[in-house]
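To start, the structure itself, in structure tokens.
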Amino acid sequence: MATEVTPKKEAYKRGEEQGRADALAGRPYADPPRDGARGEKDHYANGYDWGYEQARAEAEKLALVVWQEGGVEDAPGGLGTTINVCVRTPNWNETVDAGERDHVFTAPTGFRWNGVVGAQYKRMDQTTGGGLPPVQAKVSDDGRTLTFRFHVHLNTTDQDKDCIVYTCGLEAVDGASPGRRTDGLAQIGTAPPAKLKAEVIEDED
């Protein structure tokens with residue numbers, strides 16, 4: 001016999017989903033109104049409270065350090081380059097399994113993504129591995145925003161130790177003036193974002 005979904009249950013679920021969405025997006029607590037009648041309004045508010053608090057607890061667990069590895073440069077019309085975005089836990093050895101998380105990378109001014117992204121683990125002894133699945137990335141129409149979802153986990157087994165490295169294809173756009181740009185950004189879930197930097201150089205030809 002199928003379980004009946006009542007309007008109160010539906011209201012609770014809608015509230016829970018909205019609470020989770022607000023918390024994960026970093027929006028302030030909305031404090032939904034209640035009327036004390038234990039009807040749909042109260043159930044929605046209760047669901048919102050639960051979803052918001054649960055998502056905040058999950059977000060707090062996503063204590064990660066994100067940074068760019070090394071310098072990057074390219075000339076307009078050149079061969080292109082790659083930028084490495086690295087992720088680790090604060091002390092390198094904490095266990096984190098954050099599940100699927102949104103990754104949003106903004107290219108520095110004068111650059112665009114080519115849509116190619118590889119992921120691997122890089123250990124403190126400089127060996128690599130992990131057998132990670134392919135990254136299914138999307139690039140915005142203007143080329144500056146790269147987005148994908150990926151399972152973020154570190155130090156859960158011997159295979160995912162120390163650091164995740166995302167290697168992303170990048171190229172200088174035609175007409176970009178020479179100079180160093182520091183306005184790129186790497187946002188992974190609710191972890192603190194990292195600046196992305198790259199330099200447009202003159203074509204030697």
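Labels used: A, B, ... for chains in the order of the structure tokens, numbers from 1 for residues in each chain, and numbers from 1 for ligands as shown.
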Residue contacts of A:Phe105 (8 Å, only C-alpha atoms) excluding same-chain residues fewer than 4 positions away, as a list in words
Thr145, Leu146, Thr147, Gly184, Leu185, Ala186 and Gln187 of chain A
Generate a file of the selected residues that holds N, CA, C and O atoms, formatted as a CSV table (one decimal), in the first residue's frame.
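Result file follows (again_4.csv):
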chain,number,residue,atom,x,y,z
A,145,THR,N,33.9,31.1,-17.5
A,145,THR,CA,33.5,30.3,-16.4
A,145,THR,C,33.4,28.8,-16.7
A,145,THR,O,32.8,28.4,-17.7
A,146,LEU,N,34.1,28.1,-15.9
A,146,LEU,CA,34.2,26.6,-16.0
A,146,LEU,C,33.4,26.0,-14.9
A,146,LEU,O,33.7,26.3,-13.7
A,147,THR,N,32.5,25.1,-15.1
A,147,THR,CA,31.7,24.5,-14.1
A,147,THR,C,31.6,23.0,-14.2
A,147,THR,O,31.5,22.5,-15.3
A,184,GLY,N,41.1,35.9,-11.3
A,184,GLY,CA,40.4,34.6,-11.4
A,184,GLY,C,40.0,34.1,-10.1
A,184,GLY,O,40.5,34.5,-9.0
A,185,LEU,N,39.1,33.1,-10.1
A,185,LEU,CA,38.6,32.5,-8.8
A,185,LEU,C,38.3,31.0,-9.0
A,185,LEU,O,37.7,30.6,-10.0
A,186,ALA,N,38.6,30.3,-7.9
A,186,ALA,CA,38.3,28.9,-7.9
A,186,ALA,C,37.4,28.6,-6.6
A,186,ALA,O,37.8,28.8,-5.5
A,187,GLN,N,36.1,28.3,-6.9
A,187,GLN,CA,35.2,28.0,-5.8
A,187,GLN,C,34.8,26.5,-5.8
A,187,GLN,O,34.3,26.1,-6.8
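When the distance limit is 7 Å and only C-alpha atoms are what count, the residues near A:Lys8, minus those fewer than 5 positions from it on the same chain, are A:Gly39, A:Glu40, A:His43.
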Just list as number ranges by chain whatever in chain A DSSP marks as strand (DSSP E or B).
A: 65-69, 73-74, 81-88, 96-106, 111-122, 128-129, 138-139, 145-154, 164-172, 179-188, 194-200
Selection to disk with C-alpha atoms, as a PDB file, in the first residue's frame:
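File written: out17.pdb
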ATOM      1  CA  VAL A  65      42.281  24.560   1.427  1.00  0.00           C
ATOM      2  CA  VAL A  66      42.166  25.505  -2.266  1.00  0.00           C
ATOM      3  CA  TRP A  67      45.066  27.095  -4.119  1.00  0.00           C
ATOM      4  CA  GLN A  68      46.712  27.529  -7.507  1.00  0.00           C
ATOM      5  CA  GLU A  69      49.934  25.644  -8.084  1.00  0.00           C
ATOM      6  CA  GLU A  73      51.373  32.395 -18.947  1.00  0.00           C
ATOM      7  CA  ASP A  74      50.204  32.372 -22.554  1.00  0.00           C
ATOM      8  CA  THR A  81      48.546  26.386 -21.220  1.00  0.00           C
ATOM      9  CA  THR A  82      47.168  24.639 -18.146  1.00  0.00           C
ATOM     10  CA  ILE A  83      46.411  25.833 -14.667  1.00  0.00           C
ATOM     11  CA  ASN A  84      46.490  23.504 -11.652  1.00  0.00           C
ATOM     12  CA  VAL A  85      43.873  24.003  -8.940  1.00  0.00           C
ATOM     13  CA  CYS A  86      44.794  22.034  -5.821  1.00  0.00           C
ATOM     14  CA  VAL A  87      42.670  20.919  -2.873  1.00  0.00           C
ATOM     15  CA  ARG A  88      43.774  19.561   0.496  1.00  0.00           C
ATOM     16  CA  VAL A  96      36.954  14.271   4.182  1.00  0.00           C
ATOM     17  CA  ASP A  97      34.193  12.762   2.078  1.00  0.00           C
ATOM     18  CA  ALA A  98      32.033  15.685   0.993  1.00  0.00           C
ATOM     19  CA  GLY A  99      30.189  13.925  -1.811  1.00  0.00           C
ATOM     20  CA  GLU A 100      29.396  15.608  -5.123  1.00  0.00           C
ATOM     21  CA  ARG A 101      30.232  19.307  -4.961  1.00  0.00           C
ATOM     22  CA  ASP A 102      29.869  22.173  -7.407  1.00  0.00           C
ATOM     23  CA  HIS A 103      33.139  23.502  -8.820  1.00  0.00           C
ATOM     24  CA  VAL A 104      33.044  26.984 -10.355  1.00  0.00           C
ATOM     25  CA  PHE A 105      36.314  28.323 -11.800  1.00  0.00           C
ATOM     26  CA  THR A 106      36.501  31.837 -13.235  1.00  0.00           C
ATOM     27  CA  PHE A 111      41.920  34.227 -20.610  1.00  0.00           C
ATOM     28  CA  ARG A 112      39.331  31.584 -21.402  1.00  0.00           C
ATOM     29  CA  TRP A 113      38.920  27.913 -20.567  1.00  0.00           C
ATOM     30  CA  ASN A 114      39.076  25.320 -23.336  1.00  0.00           C
ATOM     31  CA  GLY A 115      36.888  22.842 -21.409  1.00  0.00           C
ATOM     32  CA  VAL A 116      39.538  20.178 -20.811  1.00  0.00           C
ATOM     33  CA  VAL A 117      39.866  19.183 -17.150  1.00  0.00           C
ATOM     34  CA  GLY A 118      41.786  16.287 -15.645  1.00  0.00           C
ATOM     35  CA  ALA A 119      41.750  15.202 -11.995  1.00  0.00           C
ATOM     36  CA  GLN A 120      44.260  13.150 -10.052  1.00  0.00           C
ATOM     37  CA  TYR A 121      45.690  12.753  -6.575  1.00  0.00           C
ATOM     38  CA  LYS A 122      49.111  14.155  -5.829  1.00  0.00           C
ATOM     39  CA  THR A 128      50.285  10.647  -8.426  1.00  0.00           C
ATOM     40  CA  GLY A 129      47.351   8.301  -8.779  1.00  0.00           C
ATOM     41  CA  LYS A 138      30.971  22.963 -19.094  1.00  0.00           C
ATOM     42  CA  VAL A 139      32.252  26.332 -20.282  1.00  0.00           C
ATOM     43  CA  THR A 145      33.452  30.318 -16.378  1.00  0.00           C
ATOM     44  CA  LEU A 146      34.162  26.604 -16.039  1.00  0.00           C
ATOM     45  CA  THR A 147      31.679  24.500 -14.050  1.00  0.00           C
ATOM     46  CA  PHE A 148      31.416  20.857 -13.049  1.00  0.00           C
ATOM     47  CA  ARG A 149      30.341  18.594 -10.203  1.00  0.00           C
ATOM     48  CA  PHE A 150      32.830  16.170  -8.731  1.00  0.00           C
ATOM     49  CA  HIS A 151      33.078  13.846  -5.764  1.00  0.00           C
ATOM     50  CA  VAL A 152      35.461  15.445  -3.277  1.00  0.00           C
ATOM     51  CA  HIS A 153      37.130  12.936  -0.949  1.00  0.00           C
ATOM     52  CA  LEU A 154      40.551  12.916   0.665  1.00  0.00           C
ATOM     53  CA  ILE A 164      43.441  16.589  -5.413  1.00  0.00           C
ATOM     54  CA  VAL A 165      44.790  18.424  -8.457  1.00  0.00           C
ATOM     55  CA  TYR A 166      42.491  19.656 -11.226  1.00  0.00           C
ATOM     56  CA  THR A 167      44.474  20.431 -14.387  1.00  0.00           C
ATOM     57  CA  CYS A 168      42.446  22.825 -16.529  1.00  0.00           C
ATOM     58  CA  GLY A 169      43.154  23.935 -20.091  1.00  0.00           C
ATOM     59  CA  LEU A 170      43.504  27.715 -20.421  1.00  0.00           C
ATOM     60  CA  GLU A 171      44.367  30.079 -23.263  1.00  0.00           C
ATOM     61  CA  ALA A 172      44.861  33.805 -23.754  1.00  0.00           C
ATOM     62  CA  GLY A 179      50.176  41.856 -18.204  1.00  0.00           C
ATOM     63  CA  ARG A 180      49.543  39.797 -15.096  1.00  0.00           C
ATOM     64  CA  ARG A 181      45.915  39.167 -14.123  1.00  0.00           C
ATOM     65  CA  THR A 182      44.908  38.152 -10.606  1.00  0.00           C
ATOM     66  CA  ASP A 183      41.096  38.295 -10.745  1.00  0.00           C
ATOM     67  CA  GLY A 184      40.387  34.624 -11.446  1.00  0.00           C
ATOM     68  CA  LEU A 185      38.612  32.523  -8.821  1.00  0.00           C
ATOM     69  CA  ALA A 186      38.264  28.859  -7.866  1.00  0.00           C
ATOM     70  CA  GLN A 187      35.191  28.018  -5.774  1.00  0.00           C
ATOM     71  CA  ILE A 188      34.661  24.418  -4.638  1.00  0.00           C
ATOM     72  CA  ALA A 194      41.153  30.758  -4.103  1.00  0.00           C
ATOM     73  CA  LYS A 195      42.463  33.400  -6.467  1.00  0.00           C
ATOM     74  CA  LEU A 196      43.549  32.281  -9.923  1.00  0.00           C
ATOM     75  CA  LYS A 197      46.369  34.205 -11.603  1.00  0.00           C
ATOM     76  CA  ALA A 198      47.844  34.176 -15.092  1.00  0.00           C
ATOM     77  CA  GLU A 199      49.983  36.409 -17.293  1.00  0.00           C
ATOM     78  CA  VAL A 200      49.317  37.445 -20.868  1.00  0.00           C
TER      79      VAL A 200
END
So that I can check the surroundings of A:Asp203, please list as a PyMOL selection string every protein, DNA and RNA residue that reaches within 10 Å of it, counting only C-alpha atoms and ignoring chain neighbours fewer than 6 positions away.
chain A and resi 74-78+178
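Distances from A:Ala11, A:Tyr48, A:Asp42, A:Gly130 to A:Ala30 were compared using only C-alpha atoms, and the smallest one belongs to A:Tyr48.
What separates atom CA of A:Gln136 from atom CA of A:Arg20 is a distance of 24.6 Å.
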